[in-house]
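So this one's model_37.tsv, TSV, C-alpha atoms:
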```tsv
chain	number	residue	atom	x	y	z
A	1	MET	CA	25.58	23.82	12.87
A	2	LEU	CA	23.32	21.26	11.19
A	3	PRO	CA	22.53	17.69	12.30
A	4	THR	CA	24.50	14.95	10.59
A	5	LEU	CA	22.85	12.07	8.75
A	6	ARG	CA	24.30	9.70	11.35
A	7	GLN	CA	22.63	11.64	14.18
A	8	LEU	CA	19.31	11.56	12.34
A	9	GLN	CA	19.71	7.83	11.76
A	10	TYR	CA	20.40	7.31	15.48
A	11	LEU	CA	17.21	9.18	16.36
A	12	LYS	CA	15.17	7.22	13.81
A	13	LEU	CA	16.44	3.90	15.17
A	14	LEU	CA	15.81	5.04	18.74
A	15	ALA	CA	12.21	5.84	17.81
A	16	GLU	CA	11.79	2.45	16.14
A	17	HIS	CA	13.33	0.34	18.91
A	18	GLY	CA	12.45	2.36	22.04
A	19	SER	CA	15.76	1.45	23.64
A	20	PHE	CA	19.31	2.83	23.45
A	21	SER	CA	20.82	-0.65	23.55
A	22	ARG	CA	18.63	-2.06	20.76
A	23	ALA	CA	19.05	1.09	18.65
A	24	ALA	CA	22.83	0.88	19.06
A	25	GLU	CA	22.77	-2.76	18.03
A	26	ALA	CA	20.74	-1.91	14.91
A	27	ALA	CA	23.20	0.92	14.08
A	28	HIS	CA	26.21	-1.40	14.66
A	29	VAL	CA	27.76	1.02	17.15
A	30	SER	CA	28.32	1.00	20.91
A	31	GLN	CA	25.59	2.31	23.19
A	32	PRO	CA	27.79	5.20	24.45
A	33	ALA	CA	28.47	6.24	20.83
A	34	LEU	CA	24.78	6.32	20.00
A	35	SER	CA	23.92	8.15	23.24
A	36	SER	CA	26.63	10.72	22.51
A	37	GLY	CA	25.25	11.24	18.99
A	38	VAL	CA	21.74	11.83	20.33
A	39	GLN	CA	23.06	14.30	22.92
A	40	GLU	CA	24.88	16.24	20.20
A	41	LEU	CA	21.63	16.33	18.20
A	42	GLU	CA	19.80	17.72	21.23
A	43	LYS	CA	22.37	20.51	21.53
A	44	ILE	CA	21.90	21.40	17.86
A	45	LEU	CA	18.09	21.38	18.12
A	46	GLY	CA	18.11	23.30	21.39
A	47	GLY	CA	16.05	20.87	23.42
A	48	PRO	CA	15.64	17.24	24.47
A	49	VAL	CA	14.41	14.76	21.86
A	50	VAL	CA	13.82	11.87	24.28
A	51	GLU	CA	12.70	11.38	27.85
A	52	ARG	CA	14.90	8.76	29.49
A	53	THR	CA	13.45	6.42	32.11
A	54	ARG	CA	14.57	3.07	33.45
A	55	SER	CA	11.91	1.14	31.58
A	56	GLN	CA	11.65	2.94	28.23
A	57	VAL	CA	12.63	5.79	25.98
A	58	GLN	CA	9.87	8.17	24.95
A	59	LEU	CA	10.11	10.89	22.33
A	60	THR	CA	9.43	14.49	23.32
A	61	PRO	CA	7.34	16.71	21.01
A	62	ILE	CA	10.62	18.04	19.57
A	63	GLY	CA	11.79	14.46	19.08
A	64	GLN	CA	8.57	13.41	17.36
A	65	GLU	CA	8.81	16.28	14.88
A	66	ALA	CA	12.53	15.61	14.37
A	67	VAL	CA	11.85	11.92	13.62
A	68	ARG	CA	9.15	12.80	11.11
A	69	ARG	CA	11.49	15.12	9.25
A	70	ALA	CA	14.49	12.80	9.65
A	71	GLU	CA	12.61	9.95	7.99
A	72	ASP	CA	11.96	12.12	4.95
A	73	VAL	CA	15.60	13.31	4.78
A	74	LEU	CA	17.01	9.80	5.14
A	75	ALA	CA	14.59	8.41	2.53
A	76	ARG	CA	15.70	11.07	0.03
A	77	VAL	CA	19.36	10.36	0.73
A	78	GLU	CA	18.81	6.63	0.18
A	79	ASP	CA	17.06	7.49	-3.09
A	80	LEU	CA	20.04	9.61	-4.11
A	81	VAL	CA	22.58	6.87	-3.33
A	82	GLU	CA	20.60	4.20	-5.18
A	83	ALA	CA	20.05	6.48	-8.17
A	84	ALA	CA	23.76	7.42	-8.32
A	85	ARG	CA	24.84	3.78	-8.18
A	86	ASN	CA	22.56	2.90	-11.06
A	87	ALA	CA	22.95	6.07	-13.15
A	88	GLY	CA	22.39	5.22	-16.80
A	89	ARG	CA	21.00	1.81	-15.89
A	90	PRO	CA	17.25	2.26	-15.28
A	91	LEU	CA	15.51	-0.37	-13.16
A	92	SER	CA	18.72	-1.93	-11.89
A	93	GLY	CA	19.74	-2.56	-8.32
A	94	ARG	CA	17.31	-2.79	-5.42
A	95	VAL	CA	13.71	-1.66	-5.82
A	96	ARG	CA	11.29	-2.20	-2.92
A	97	LEU	CA	7.73	-2.42	-4.23
A	98	GLY	CA	4.57	-2.59	-2.14
A	99	VAL	CA	1.40	-4.06	-3.65
A	100	ILE	CA	-2.11	-4.35	-2.22
A	101	PRO	CA	-3.51	-7.90	-1.80
A	102	THR	CA	-6.41	-7.38	-4.22
A	103	VAL	CA	-3.94	-6.63	-7.02
A	104	ALA	CA	-0.75	-8.58	-6.25
A	105	PRO	CA	-1.87	-12.16	-7.11
A	106	PHE	CA	-3.52	-11.09	-10.36
A	107	LEU	CA	-1.01	-8.53	-11.68
A	108	LEU	CA	2.45	-9.67	-10.59
A	109	PRO	CA	2.55	-13.23	-12.03
A	110	ALA	CA	1.53	-11.83	-15.42
A	111	ARG	CA	3.99	-8.92	-15.49
A	112	LEU	CA	7.08	-9.75	-13.43
A	113	PRO	CA	8.65	-12.41	-15.72
A	114	ALA	CA	8.83	-9.96	-18.64
A	115	LEU	CA	10.04	-7.18	-16.34
A	116	GLN	CA	12.87	-9.33	-14.99
A	117	ALA	CA	13.81	-10.49	-18.49
A	118	ALA	CA	13.98	-6.88	-19.73
A	119	HIS	CA	15.95	-5.70	-16.67
A	120	PRO	CA	18.13	-8.61	-15.46
A	121	ALA	CA	20.05	-6.38	-13.02
A	122	LEU	CA	16.84	-5.46	-11.19
A	123	ARG	CA	16.55	-6.81	-7.64
A	124	LEU	CA	12.87	-6.49	-6.85
A	125	PHE	CA	11.63	-6.90	-3.29
A	126	ILE	CA	7.85	-7.26	-2.97
A	127	ARG	CA	5.77	-6.44	0.12
A	128	GLU	CA	2.04	-7.21	0.11
A	129	ASP	CA	-0.03	-5.22	2.60
A	130	LEU	CA	-3.03	-2.94	3.06
A	131	THR	CA	-2.98	0.48	1.42
A	132	SER	CA	-2.59	2.53	4.61
A	133	ARG	CA	0.45	0.59	5.77
A	134	LEU	CA	2.08	0.59	2.32
A	135	VAL	CA	1.65	4.36	1.97
A	136	ALA	CA	3.07	4.92	5.46
A	137	GLN	CA	6.13	2.79	4.65
A	138	LEU	CA	6.57	4.57	1.33
A	139	LYS	CA	6.59	7.97	3.02
A	140	VAL	CA	9.30	6.98	5.51
A	141	GLY	CA	11.50	5.40	2.85
A	142	ARG	CA	11.02	1.71	3.60
A	143	LEU	CA	9.48	1.27	0.13
A	144	ASP	CA	10.44	2.88	-3.18
A	145	ALA	CA	7.04	2.61	-4.88
A	146	VAL	CA	3.61	1.09	-4.27
A	147	VAL	CA	0.83	-0.32	-6.42
A	148	ILE	CA	-2.49	0.78	-4.93
A	149	ALA	CA	-6.08	1.50	-5.98
A	150	LEU	CA	-7.70	4.92	-6.10
A	151	PRO	CA	-9.75	6.67	-4.85
A	152	TYR	CA	-7.45	7.02	-1.82
A	153	ALA	CA	-5.96	10.20	-0.35
A	154	ILE	CA	-2.20	10.25	-1.07
A	155	PRO	CA	-0.87	13.73	-0.20
A	156	GLY	CA	2.88	14.07	-0.76
A	157	LEU	CA	2.91	11.34	-3.41
A	158	GLU	CA	2.94	11.32	-7.18
A	159	HIS	CA	1.46	8.53	-9.27
A	160	ALA	CA	1.08	7.05	-12.73
A	161	VAL	CA	-2.04	5.18	-13.79
A	162	ILE	CA	-1.47	1.62	-14.98
A	163	GLY	CA	-5.11	0.85	-15.74
A	164	ASP	CA	-8.75	0.80	-14.70
A	165	ASP	CA	-10.26	-2.24	-13.05
A	166	GLU	CA	-14.03	-2.70	-13.35
A	167	ILE	CA	-15.95	-3.73	-10.24
A	168	LEU	CA	-18.48	-6.51	-10.80
A	169	ALA	CA	-21.25	-7.99	-8.70
A	170	VAL	CA	-20.89	-11.58	-7.47
A	171	VAL	CA	-23.98	-13.32	-6.12
A	172	PRO	CA	-25.05	-16.88	-5.27
A	173	GLN	CA	-26.84	-18.84	-7.95
A	174	GLY	CA	-30.59	-18.63	-7.38
A	175	HIS	CA	-30.37	-15.27	-5.61
A	176	PRO	CA	-32.84	-12.60	-6.88
A	177	LEU	CA	-29.87	-10.53	-8.14
A	178	ALA	CA	-28.57	-13.46	-10.21
A	179	ALA	CA	-31.06	-12.83	-13.02
A	180	PRO	CA	-29.49	-11.99	-16.42
A	181	GLY	CA	-28.65	-8.38	-17.17
A	182	ALA	CA	-26.71	-5.57	-15.56
A	183	LEU	CA	-27.47	-4.46	-12.00
A	184	ALA	CA	-27.67	-0.94	-10.64
A	185	PRO	CA	-24.93	-0.47	-8.00
A	186	ALA	CA	-27.60	0.43	-5.44
A	187	ALA	CA	-28.93	-3.13	-5.76
A	188	LEU	CA	-26.03	-4.32	-3.59
A	189	ALA	CA	-27.13	-2.14	-0.69
A	190	ALA	CA	-28.81	-5.11	0.92
A	191	ASP	CA	-28.83	-6.69	4.35
A	192	ASP	CA	-26.82	-9.67	3.05
A	193	LEU	CA	-23.88	-7.62	1.70
A	194	ILE	CA	-20.51	-9.22	2.47
A	195	LEU	CA	-17.44	-6.97	2.52
A	196	LEU	CA	-13.75	-7.36	3.11
A	197	GLU	CA	-12.61	-6.27	6.56
A	198	ASP	CA	-12.64	-2.57	7.42
A	199	GLY	CA	-9.54	-0.83	6.07
A	200	HIS	CA	-8.95	-3.45	3.40
A	201	CYS	CA	-7.54	-2.25	0.09
A	202	LEU	CA	-10.69	-3.08	-1.92
A	203	ARG	CA	-13.42	-2.19	0.55
A	204	ASP	CA	-13.31	1.62	0.69
A	205	PRO	CA	-12.36	2.32	-2.96
A	206	ALA	CA	-15.04	-0.10	-4.16
A	207	LEU	CA	-17.71	1.32	-1.87
A	208	ALA	CA	-16.83	4.79	-3.15
A	209	ALA	CA	-17.00	3.65	-6.77
A	210	LEU	CA	-20.33	1.95	-6.12
A	211	GLU	CA	-21.59	5.00	-4.20
A	212	LEU	CA	-22.53	2.75	-1.31
A	213	GLU	CA	-22.15	3.81	2.31
A	214	VAL	CA	-21.86	1.48	5.28
A	215	PRO	CA	-22.20	3.42	8.56
A	216	ARG	CA	-19.29	2.98	10.97
A	217	GLY	CA	-20.08	0.51	13.68
A	218	GLU	CA	-22.85	-1.20	11.71
A	219	ASP	CA	-22.65	-4.98	11.73
A	220	VAL	CA	-21.66	-6.24	8.28
A	221	PHE	CA	-20.47	-9.73	7.40
A	222	ALA	CA	-16.71	-9.26	6.76
A	223	ALA	CA	-14.22	-11.55	5.04
A	224	THR	CA	-10.43	-11.48	5.42
A	225	SER	CA	-9.52	-12.17	1.78
A	226	LEU	CA	-11.03	-12.44	-1.68
A	227	PRO	CA	-10.88	-16.28	-1.76
A	228	THR	CA	-12.71	-16.40	1.59
A	229	LEU	CA	-15.29	-13.93	0.30
A	230	VAL	CA	-15.97	-16.06	-2.80
A	231	GLN	CA	-16.37	-19.19	-0.68
A	232	LEU	CA	-18.94	-17.41	1.48
A	233	LEU	CA	-20.84	-16.32	-1.64
A	234	GLY	CA	-20.73	-19.85	-3.06
A	235	ALA	CA	-22.28	-21.10	0.16
A	236	GLY	CA	-25.20	-18.72	-0.40
A	237	LEU	CA	-24.39	-16.47	2.56
A	238	GLY	CA	-24.68	-13.10	0.80
A	239	VAL	CA	-23.78	-10.88	-2.15
A	240	SER	CA	-20.67	-8.83	-2.85
A	241	PHE	CA	-18.38	-7.43	-5.54
A	242	LEU	CA	-15.01	-8.39	-7.01
A	243	PRO	CA	-12.49	-6.59	-9.22
A	244	ALA	CA	-12.48	-7.67	-12.85
A	245	MET	CA	-8.81	-8.74	-12.65
A	246	ALA	CA	-9.73	-11.31	-9.99
A	247	ILE	CA	-12.60	-12.64	-12.08
A	248	LYS	CA	-10.38	-12.78	-15.18
A	249	ALA	CA	-7.91	-14.84	-13.15
A	250	GLY	CA	-10.68	-17.38	-12.44
A	251	LEU	CA	-11.39	-16.57	-8.80
A	252	ALA	CA	-15.16	-16.74	-9.36
A	253	ASP	CA	-15.03	-19.89	-11.52
A	254	ARG	CA	-16.84	-22.15	-9.08
A	255	PRO	CA	-20.31	-23.73	-8.88
A	256	GLY	CA	-23.00	-21.67	-7.25
A	257	VAL	CA	-21.51	-18.24	-8.07
A	258	VAL	CA	-22.86	-15.82	-10.68
A	259	VAL	CA	-21.06	-12.68	-11.95
A	260	ARG	CA	-23.08	-9.65	-13.07
A	261	ARG	CA	-22.02	-6.24	-14.40
A	262	LEU	CA	-22.94	-3.20	-12.34
A	263	ALA	CA	-24.16	-0.35	-14.52
A	264	GLY	CA	-27.09	1.97	-15.04
A	265	GLU	CA	-28.92	2.30	-18.34
A	266	GLY	CA	-26.29	3.10	-20.99
A	267	GLN	CA	-23.67	3.84	-18.30
A	268	PRO	CA	-20.25	2.26	-17.76
A	269	GLY	CA	-19.79	0.13	-14.66
A	270	PRO	CA	-17.97	1.41	-11.55
A	271	ARG	CA	-14.18	1.11	-11.64
A	272	ARG	CA	-11.16	1.55	-9.43
A	273	GLU	CA	-7.99	3.15	-10.76
A	274	ILE	CA	-4.80	1.12	-10.31
A	275	VAL	CA	-1.67	3.26	-9.97
A	276	VAL	CA	2.02	3.12	-9.16
A	277	ALA	CA	2.79	5.81	-6.55
A	278	TRP	CA	6.10	7.22	-5.27
A	279	ARG	CA	7.30	10.05	-3.02
A	280	ALA	CA	7.01	13.50	-4.58
A	281	GLY	CA	10.48	14.74	-5.48
A	282	SER	CA	12.07	11.29	-5.26
A	283	SER	CA	15.26	10.89	-7.30
A	284	ARG	CA	13.85	7.54	-8.39
A	285	ALA	CA	10.69	9.03	-9.91
A	286	GLU	CA	11.74	8.15	-13.46
A	287	GLU	CA	12.32	4.53	-12.43
A	288	ALA	CA	8.85	4.47	-10.86
A	289	ARG	CA	7.38	5.72	-14.15
A	290	LEU	CA	9.27	2.99	-16.05
A	291	LEU	CA	7.93	0.45	-13.57
A	292	ALA	CA	4.41	1.76	-14.14
A	293	ARG	CA	4.80	1.31	-17.90
A	294	ALA	CA	6.02	-2.26	-17.39
A	295	LEU	CA	3.07	-3.10	-15.13
A	296	ARG	CA	0.34	-1.59	-17.30
A	297	LEU	CA	-2.89	-3.56	-17.46
A	298	ASP	CA	-4.09	-4.87	-20.82
```
With the file now loaded, output its structure as structure tokens.
Amino acid sequence: MLPTLRQLQYLKLLAEHGSFSRAAEAAHVSQPALSSGVQELEKILGGPVVERTRSQVQLTPIGQEAVRRAEDVLARVEDLVEAARNAGRPLSGRVRLGVIPTVAPFLLPARLPALQAAHPALRLFIREDLTSRLVAQLKVGRLDAVVIALPYAIPGLEHAVIGDDEILAVVPQGHPLAAPGALAPAALAADDLILLEDGHCLRDPALAALELEVPRGEDVFAATSLPTLVQLLGAGLGVSFLPAMAIKAGLADRPGVVVRRLAGEGQPGPRREIVVAWRAGSSRAEEARLLARALRLD
């Protein structure tokens, strides 16, 4: 006998809510019905999936592995249902798209109006978040596709490139690095380097592209967003880098800030690769590729 989708859904909700009563409420069933479903699942799997105490519900090792696999199964089933409902009508119905914060404000306003006009039946739900959280939500089926920047490890995902985004130096006016001409990326390895917070969607890919390394635990001035970073630079508090799409959108158009290309002699500047990614084997892969074509950078 195999587990049913309903039993897997009960387990997934139990893992998310940590309570039989809250999981039952989320599943729109009675608590005894949900408890019975979980017990039947335990019989099928041959062992307990949860440890029941008065204060909380904790997954057993069997339960943790079952949840991980259940999330993948349920995500694929949701893909199948959505694809069947919209068969022959690409990019129609619900599409849940995650986008990193260093891309969303510069890409989406320029591309979404034409996308919606070309696909009026599309119901697009946007979530802006850091890469790690978007990828995690994509893998468990809470998102259908994500727009992220590479390099970033994405095992289990497929992707389509929508463009390259050059990384440029941004320095205060009057700073030694503000002199005309291109800078070598190593020039930014200075004590006054300002970065976005650790784990941010621009920080690690940009550092990799610039071939800069900031040791873990080392004190570095960190900003929470690109606008904050530019304000700090304009106040003369350090040097940093920005993606070209942000500069093209006018983010660095303020007094006291100078933009310089980062490149060696006769070499192209460092870049990050912007991609649309989706779960490998997803029944909505073709829609994700269509979305990637619609979001391509100029």
| task | List the residues sitting within 12 Å of (11.7, 3.2, -13.2) in the file's frame, using only C-alpha atoms, as a PyMOL selection string. | result | chain A and resi 83+86-97+115+119+122+124+144-145+160+276-278+282-295
| said: With all atoms listed in the file as the counted atoms, please give the residues lying no more than 7 Å from Glu166 (chain A), apart from itself and same-chain residues fewer than 3 positions off, as an MDAnalysis selection string. | reply: chainID A and resid 243:244 269:272
| field | Between CA of Leu150 (chain A) and CA of Ser132 (chain A) - distance in Å to one decimal | value | 12.1 Å
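Computed from the coordinates, the CA of Val257 (chain A) to CA of Ala187 (chain A) distance equals 17.0 Å.
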| message | For a test of reading the model, state the distance in Å between CA of Leu8 (chain A) and CA of Ala70 (chain A), rounded to one decimal. | response | 5.7 Å
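With distances taken over all atoms listed in the file, A:Gly98 is the one residue among A:Pro48, A:Gly98, A:Pro120, A:Pro109 lying closest to Val147 (chain A).
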| said: If we draw a sphere of 9 Å around (-21.0, -12.4, -10.1), which residues have at least one atom in it when counting all atoms listed in the file? Please report them as a PyMOL selection string. | reply: chain A and resi 168-173+178+239-242+247+252+257-261
